[in-house]
Amino acid sequence: MNSPQAKAPATAIERVKGTSLHHQVYLVLRDGIRNGRYKAGDSLPAEDELARSFAVSRVTIRSALSSLERDALIERRQGVGTFVAGGMHSAETHAPVADLIAHIADIHRTTTVRLVEVGLVTAPPEIQAAFGHPVDDIFQRAVRVRLLNGLPTFFVTTFIPQAIARHIDEAALRSTSLYELLARAGHRLHSGTQVISAQLASPLVAGHLDVAVGAPLIRVRREHMDEGGLMVEHFEMLVSPASFEVRLRLDAETMPS
């Protein structure tokens, strides 16, 4: 059985001073693999197609693919093609929702927010699937940067269903935590999942966080449910490890026997 053929991203690479083109292509493809655009087992587009899509040479594409192969994200099969490697496995642990809400409140209290953009969009397929919505459903996508002591620290992207988003306007997103806005709309957070991984800063994120392109970042992804079990928010935060740490409280109930 042939593996699905993934489509090339329709994006040309910007010439960013001090950053090689092949590294920028690597970052875009790597992020596509990690966020589910390219799924495990998919066949990546041919080098010629990728070169046209990114508006770069085949030599640049080959160098980017070599970096992806080095990181065990793809498999290059002679005479067959290039395929996305198997996905990462993550361990699951449990933490009280009250601790998470306290953490959200603490970030809101100690930071200021810069709204980068907000609008209604068709969410990526993996986010639609997480919500269990049809692929053409509309979501509010908001991108915000939170500043700590005036310095950009957290790059946050959220998706919420359009039916909930009608209660949340641009002015509110500039001044109030989304947790509080959801609660006002009748959707108080009750449970969810959280995945913590690592990611390198893309040119866009690097510009907003004032870090070097390719700098290591902590990536925190959450799916939040309300008291009725309805998923109400998909949350992603990127932050430098120099500014953020994850701490879980262990007790008798969570420790293995």
# chains A, B, ... in the order shown; residues from 1 in each chain; ligands from 1
$ residues_around --residues "region 160-166 of chain A" --least-positions-apart "6" --cutoff "7 Å" --atoms "only C-alpha atoms" --output "ChimeraX atom specification"
/A:138-141,232-234
$ write_last_selection --atoms "N, CA, C and O atoms" --output "PDB file, in the first residue's frame"
ATOM      1  N   ILE A 138     -15.393  26.984  11.486  1.00  0.00           N
ATOM      2  CA  ILE A 138     -14.653  28.223  11.683  1.00  0.00           C
ATOM      3  C   ILE A 138     -14.308  28.400  13.156  1.00  0.00           C
ATOM      4  O   ILE A 138     -15.129  28.127  14.047  1.00  0.00           O
ATOM      5  N   PHE A 139     -13.085  28.861  13.428  1.00  0.00           N
ATOM      6  CA  PHE A 139     -12.610  29.115  14.781  1.00  0.00           C
ATOM      7  C   PHE A 139     -12.052  30.532  14.874  1.00  0.00           C
ATOM      8  O   PHE A 139     -11.610  31.106  13.874  1.00  0.00           O
ATOM      9  N   GLN A 140     -12.052  31.054  16.091  1.00  0.00           N
ATOM     10  CA  GLN A 140     -11.308  32.293  16.336  1.00  0.00           C
ATOM     11  C   GLN A 140      -9.860  31.919  16.663  1.00  0.00           C
ATOM     12  O   GLN A 140      -9.610  31.141  17.582  1.00  0.00           O
ATOM     13  N   ARG A 141      -8.938  32.444  15.909  1.00  0.00           N
ATOM     14  CA  ARG A 141      -7.507  32.251  16.165  1.00  0.00           C
ATOM     15  C   ARG A 141      -6.940  33.571  16.676  1.00  0.00           C
ATOM     16  O   ARG A 141      -7.094  34.612  16.029  1.00  0.00           O
ATOM     17  N   VAL A 232     -13.206  23.503  24.718  1.00  0.00           N
ATOM     18  CA  VAL A 232     -13.500  24.909  24.441  1.00  0.00           C
ATOM     19  C   VAL A 232     -12.288  25.700  23.962  1.00  0.00           C
ATOM     20  O   VAL A 232     -12.441  26.822  23.478  1.00  0.00           O
ATOM     21  N   GLU A 233     -11.083  25.130  24.103  1.00  0.00           N
ATOM     22  CA  GLU A 233      -9.895  25.899  23.712  1.00  0.00           C
ATOM     23  C   GLU A 233      -8.745  24.974  23.355  1.00  0.00           C
ATOM     24  O   GLU A 233      -8.511  23.963  24.020  1.00  0.00           O
ATOM     25  N   HIS A 234      -8.036  25.324  22.295  1.00  0.00           N
ATOM     26  CA  HIS A 234      -6.734  24.725  21.990  1.00  0.00           C
ATOM     27  C   HIS A 234      -5.696  25.827  22.192  1.00  0.00           C
ATOM     28  O   HIS A 234      -5.794  26.910  21.607  1.00  0.00           O
TER      29      HIS A 234
END
$ residues_around --residues "Gly79 (chain A)" --least-positions-apart "3" --cutoff "12 Å" --atoms "only C-alpha atoms" --output "PyMOL selection string"
chain A and resi 46+76+82
$ residues_around --residues "Ile218 (chain A)" --least-positions-apart "3" --cutoff "10 Å" --atoms "only C-alpha atoms" --output "number ranges by chain"
A: 154, 196-201, 221, 237-246
$ closest_residue --among "A:Ala123, A:Ile168, A:Leu178, A:Val205" --to "Val145 (chain A)" --atoms "only C-alpha atoms"
A:Val205
$ closest_residue --among "A:Ala51, A:Leu120, A:Leu147, A:Ala40" --to "Gly86 (chain A)" --atoms "only C-alpha atoms"
A:Ala40
$ residues_around --residues "Glu223 (chain A)" --least-positions-apart "3" --cutoff "7 Å" --atoms "only C-alpha atoms" --output "NGL selection string"
:A and (192-194 or 231 or 233-235)
$ closest_residue --among "A:Ala215, A:Val116, A:Val220, A:Leu209" --to "Leu148 (chain A)" --atoms "only C-alpha atoms"
A:Leu209
$ select_by_dssp --residues "region 24-193 of chain A" --states "strand (DSSP E or B)" --output "PyMOL selection string"
chain A and resi 43+74-77+81-84+111-122+138-148+151-161+189-193
$ residues_around --residues "Thr176 (chain A)" --least-positions-apart "4" --cutoff "12 Å" --atoms "only C-alpha atoms" --output "list in words"
Ile104, Ala105, Ile107, His108, Arg109, Thr111, Thr112, Val113, Arg114, Leu115, Arg144, Arg146, Ile168, Asp169, Glu170, Ala171, Ala172, Glu180, Leu181, Leu182, Ala183 and Arg184 of chain A
$ select_by_dssp --residues "region 7-209 of chain A" --states "helix (DSSP H, G or I)" --output "PyMOL selection string"
chain A and resi 21-34+47-54+58-70+97-110+125-131+162-165+170-173+178-184+203-209
$ atom_distance --atom1 "CA of Arg222 (chain A)" --atom2 "CA of Thr158 (chain A)"
9.5 Å
$ closest_residue --among "A:Leu173, A:Leu44, A:Leu151, A:Leu73" --to "Gly119 (chain A)" --atoms "only C-alpha atoms"
A:Leu173
